[in-house]
Amino acid sequence: MTDTLAHGLSTGVQAMSLNLSAEQQQRLLDYMGLIQKWNKVYNLTALRDPAEMLTHHLLDSLTAIAPLTRHTLGEPIRVLDVGSGGGLPGVVLAICMPELHVTCVDTVAKKAAFVQQVAASLKLTNLKGLHARVESLTEPYQVICSRAFASLPDFVNWSRSALADGGVWMAMKGKHPQDEIDALPSDVKVFHVEPLTVPGLDVERCMVWLKPSLSLV
Ligand SMILES: C[S@@+](CC[C@H](N)C(=O)[O-])C[C@H]1O[C@@H](n2cnc3c(N)ncnc32)[C@H](O)[C@@H]1O
């Protein structure tokens, strides 16, 4: 099974043209192993089948790497993953983009504790699990991301106090969320929507990029 998962991961990584070392791919597999091991204790995901976890969680989260890399251009910025749960996509970002400083915030204490445990086990010094409501955060992040978290209006309204000057939001969504875009506050605008393809999954996914409309970014 382990070999099958490793093969599925490297095939997906190639399909996405990602440049990940053998060590990074092993860490991704180790992360999946930790989710499987602790899922019952921490209640991290409804998925139990490792092959499904690979496609629906790991490969799905990996689709964020290329767009985020195009945005950061290798800068060591601070990234906040809102409603990160077991660390998706935050842990994946921390593994694949070691220059980033990634904080995964969740209101559920044991989910934040799990991310802390992942950081320690996988020696990810650029990863932190934080137990808090995102609305309470004020330290600035240059990119605030989310996956399967909330509607776009709630996402930006609840996290805007943590957005750095010139910062952007990056939301991983299913099909193009026109209704949510139409309901955004007037001082937030979408500046890019890009389709995402998850290898091995026939689903609609997109990345929605947003920023305060007065920003000069
Ligand atoms: C559906 S889960 C998504 C988890 C993960 N991002 C993923 O893709 O698997 C949404 C998470 O948001 C967290 N959450 C809900 N409201 C929140 C808030 N105001 N601040 C921080 N986390 C919140 C929940 O505890 C839950 O773990």
# chains A, B, ... in the order shown; residues from 1 in each chain; ligands from 1

$ residues_near_ligand --ligand "ligand 1" --cutoff "7 Å" --atoms "only C-alpha atoms and all ligand atoms" --output "VMD selection string"
chain A and resid 45 57 82 to 89 105 to 108 111 132 to 135 146 to 149 158

$ closest_atom_pairs --of "range 85-117 of chain A" --to "range 65-75 of chain A" --cutoff "8 Å" --atoms "only C-alpha atoms" --output "JSON lines"
{"residue": "A:Leu93", "atom": "CA", "partner": "A:Ile65", "partner_atom": "CA", "distance": 6.8}
{"residue": "A:Cys96", "atom": "CA", "partner": "A:Ile65", "partner_atom": "CA", "distance": 7.4}
{"residue": "A:Met97", "atom": "CA", "partner": "A:Ile65", "partner_atom": "CA", "distance": 7.8}
{"residue": "A:Glu99", "atom": "CA", "partner": "A:Gly74", "partner_atom": "CA", "distance": 6.9}
{"residue": "A:Leu100", "atom": "CA", "partner": "A:Glu75", "partner_atom": "CA", "distance": 7.5}

$ select_by_dssp --residues "range 85-167 of chain A" --states "alpha helix (DSSP H)" --output "VMD selection string"
chain A and resid 90 to 96 109 to 121 152 to 159

$ closest_residue --among "A:Gln26, A:His131, A:Phe114, A:Thr103" --to "Lys40 in chain A" --atoms "only C-alpha atoms"
A:Phe114

$ residues_around --residues "Lys189 in chain A" --least-positions-apart "5" --cutoff "12 Å" --atoms "only C-alpha atoms" --output "NGL selection string"
:A and (152-153 or 156 or 168-170 or 180-184 or 208-215 or 217)

$ select_by_dssp --residues "range 43-205 of chain A" --states "strand (DSSP E or B)" --output "PyMOL selection string"
chain A and resi 78-82+101-106+127-131+141-147+163-173+188-196+205

$ residues_around --residues "Gln14 in chain A" --least-positions-apart "3" --cutoff "12 Å" --atoms "only C-alpha atoms" --output "VMD selection string"
chain A and resid 7 to 11 17 to 21 25 59 62 to 63 198 to 199

$ residues_around --residues "Gly200 in chain A" --least-positions-apart "2" --cutoff "12 Å" --atoms "only C-alpha atoms" --output "list in words"
Gly8, Leu9, Thr11, Gly12, Val13, Ala15, Met16, Ala51, Glu52, Met53, Leu54, Thr55, His56, His57, Leu58, Leu59, Asp60, Thr197, Val198, Asp202 and Val203 of chain A

$ write_last_selection --atoms "N, CA and C atoms" --output "PDB file, in the first residue's frame"
ATOM      1  N   GLY A   8       1.409   6.946  -6.548  1.00  0.00           N
ATOM      2  CA  GLY A   8       0.300   7.867  -6.847  1.00  0.00           C
ATOM      3  C   GLY A   8       0.711   9.305  -6.604  1.00  0.00           C
ATOM      4  N   LEU A   9       1.457   9.533  -5.530  1.00  0.00           N
ATOM      5  CA  LEU A   9       1.904  10.900  -5.227  1.00  0.00           C
ATOM      6  C   LEU A   9       2.876  11.392  -6.299  1.00  0.00           C
ATOM      7  N   THR A  11       3.281  10.407  -9.332  1.00  0.00           N
ATOM      8  CA  THR A  11       2.590  10.591 -10.615  1.00  0.00           C
ATOM      9  C   THR A  11       1.824  11.923 -10.603  1.00  0.00           C
ATOM     10  N   GLY A  12       1.145  12.194  -9.486  1.00  0.00           N
ATOM     11  CA  GLY A  12       0.400  13.454  -9.363  1.00  0.00           C
ATOM     12  C   GLY A  12       1.322  14.664  -9.388  1.00  0.00           C
ATOM     13  N   VAL A  13       2.443  14.544  -8.701  1.00  0.00           N
ATOM     14  CA  VAL A  13       3.418  15.642  -8.657  1.00  0.00           C
ATOM     15  C   VAL A  13       3.936  15.945 -10.068  1.00  0.00           C
ATOM     16  N   ALA A  15       2.348  15.218 -12.890  1.00  0.00           N
ATOM     17  CA  ALA A  15       1.241  15.754 -13.694  1.00  0.00           C
ATOM     18  C   ALA A  15       1.059  17.246 -13.442  1.00  0.00           C
ATOM     19  N   MET A  16       1.386  17.689 -12.216  1.00  0.00           N
ATOM     20  CA  MET A  16       1.246  19.113 -11.895  1.00  0.00           C
ATOM     21  C   MET A  16       2.534  19.884 -12.181  1.00  0.00           C
ATOM     22  N   ALA A  51      -6.183   5.844  -0.407  1.00  0.00           N
ATOM     23  CA  ALA A  51      -6.131   6.290  -1.811  1.00  0.00           C
ATOM     24  C   ALA A  51      -6.987   7.542  -2.002  1.00  0.00           C
ATOM     25  N   GLU A  52      -8.118   7.582  -1.312  1.00  0.00           N
ATOM     26  CA  GLU A  52      -8.985   8.775  -1.400  1.00  0.00           C
ATOM     27  C   GLU A  52      -8.345   9.971  -0.699  1.00  0.00           C
ATOM     28  N   MET A  53      -7.694   9.692   0.423  1.00  0.00           N
ATOM     29  CA  MET A  53      -6.992  10.780   1.122  1.00  0.00           C
ATOM     30  C   MET A  53      -5.934  11.389   0.217  1.00  0.00           C
ATOM     31  N   LEU A  54      -5.264  10.514  -0.538  1.00  0.00           N
ATOM     32  CA  LEU A  54      -4.214  10.998  -1.440  1.00  0.00           C
ATOM     33  C   LEU A  54      -4.798  11.973  -2.469  1.00  0.00           C
ATOM     34  N   THR A  55      -5.859  11.555  -3.148  1.00  0.00           N
ATOM     35  CA  THR A  55      -6.395  12.423  -4.204  1.00  0.00           C
ATOM     36  C   THR A  55      -7.173  13.611  -3.621  1.00  0.00           C
ATOM     37  N   HIS A  56      -8.106  13.330  -2.696  1.00  0.00           N
ATOM     38  CA  HIS A  56      -9.024  14.380  -2.233  1.00  0.00           C
ATOM     39  C   HIS A  56      -8.364  15.384  -1.289  1.00  0.00           C
ATOM     40  N   HIS A  57      -7.322  14.961  -0.584  1.00  0.00           N
ATOM     41  CA  HIS A  57      -6.680  15.884   0.349  1.00  0.00           C
ATOM     42  C   HIS A  57      -5.291  16.327  -0.118  1.00  0.00           C
ATOM     43  N   LEU A  58      -4.414  15.342  -0.337  1.00  0.00           N
ATOM     44  CA  LEU A  58      -3.019  15.711  -0.626  1.00  0.00           C
ATOM     45  C   LEU A  58      -2.874  16.327  -2.011  1.00  0.00           C
ATOM     46  N   LEU A  59      -3.317  15.610  -3.056  1.00  0.00           N
ATOM     47  CA  LEU A  59      -3.176  16.144  -4.413  1.00  0.00           C
ATOM     48  C   LEU A  59      -4.010  17.407  -4.569  1.00  0.00           C
ATOM     49  N   ASP A  60      -5.201  17.404  -3.982  1.00  0.00           N
ATOM     50  CA  ASP A  60      -6.048  18.606  -4.049  1.00  0.00           C
ATOM     51  C   ASP A  60      -5.316  19.814  -3.437  1.00  0.00           C
ATOM     52  N   THR A 197      -6.583  21.863 -11.640  1.00  0.00           N
ATOM     53  CA  THR A 197      -6.840  20.475 -12.037  1.00  0.00           C
ATOM     54  C   THR A 197      -6.187  19.553 -11.021  1.00  0.00           C
ATOM     55  N   VAL A 198      -6.994  18.672 -10.434  1.00  0.00           N
ATOM     56  CA  VAL A 198      -6.469  17.694  -9.477  1.00  0.00           C
ATOM     57  C   VAL A 198      -6.242  16.381 -10.226  1.00  0.00           C
ATOM     58  N   ASP A 202     -11.999  13.929 -11.204  1.00  0.00           N
ATOM     59  CA  ASP A 202     -12.771  14.628 -12.219  1.00  0.00           C
ATOM     60  C   ASP A 202     -13.735  15.591 -11.524  1.00  0.00           C
ATOM     61  N   VAL A 203     -13.177  16.685 -11.024  1.00  0.00           N
ATOM     62  CA  VAL A 203     -13.991  17.642 -10.273  1.00  0.00           C
ATOM     63  C   VAL A 203     -13.623  19.065 -10.704  1.00  0.00           C
TER      64      VAL A 203
END
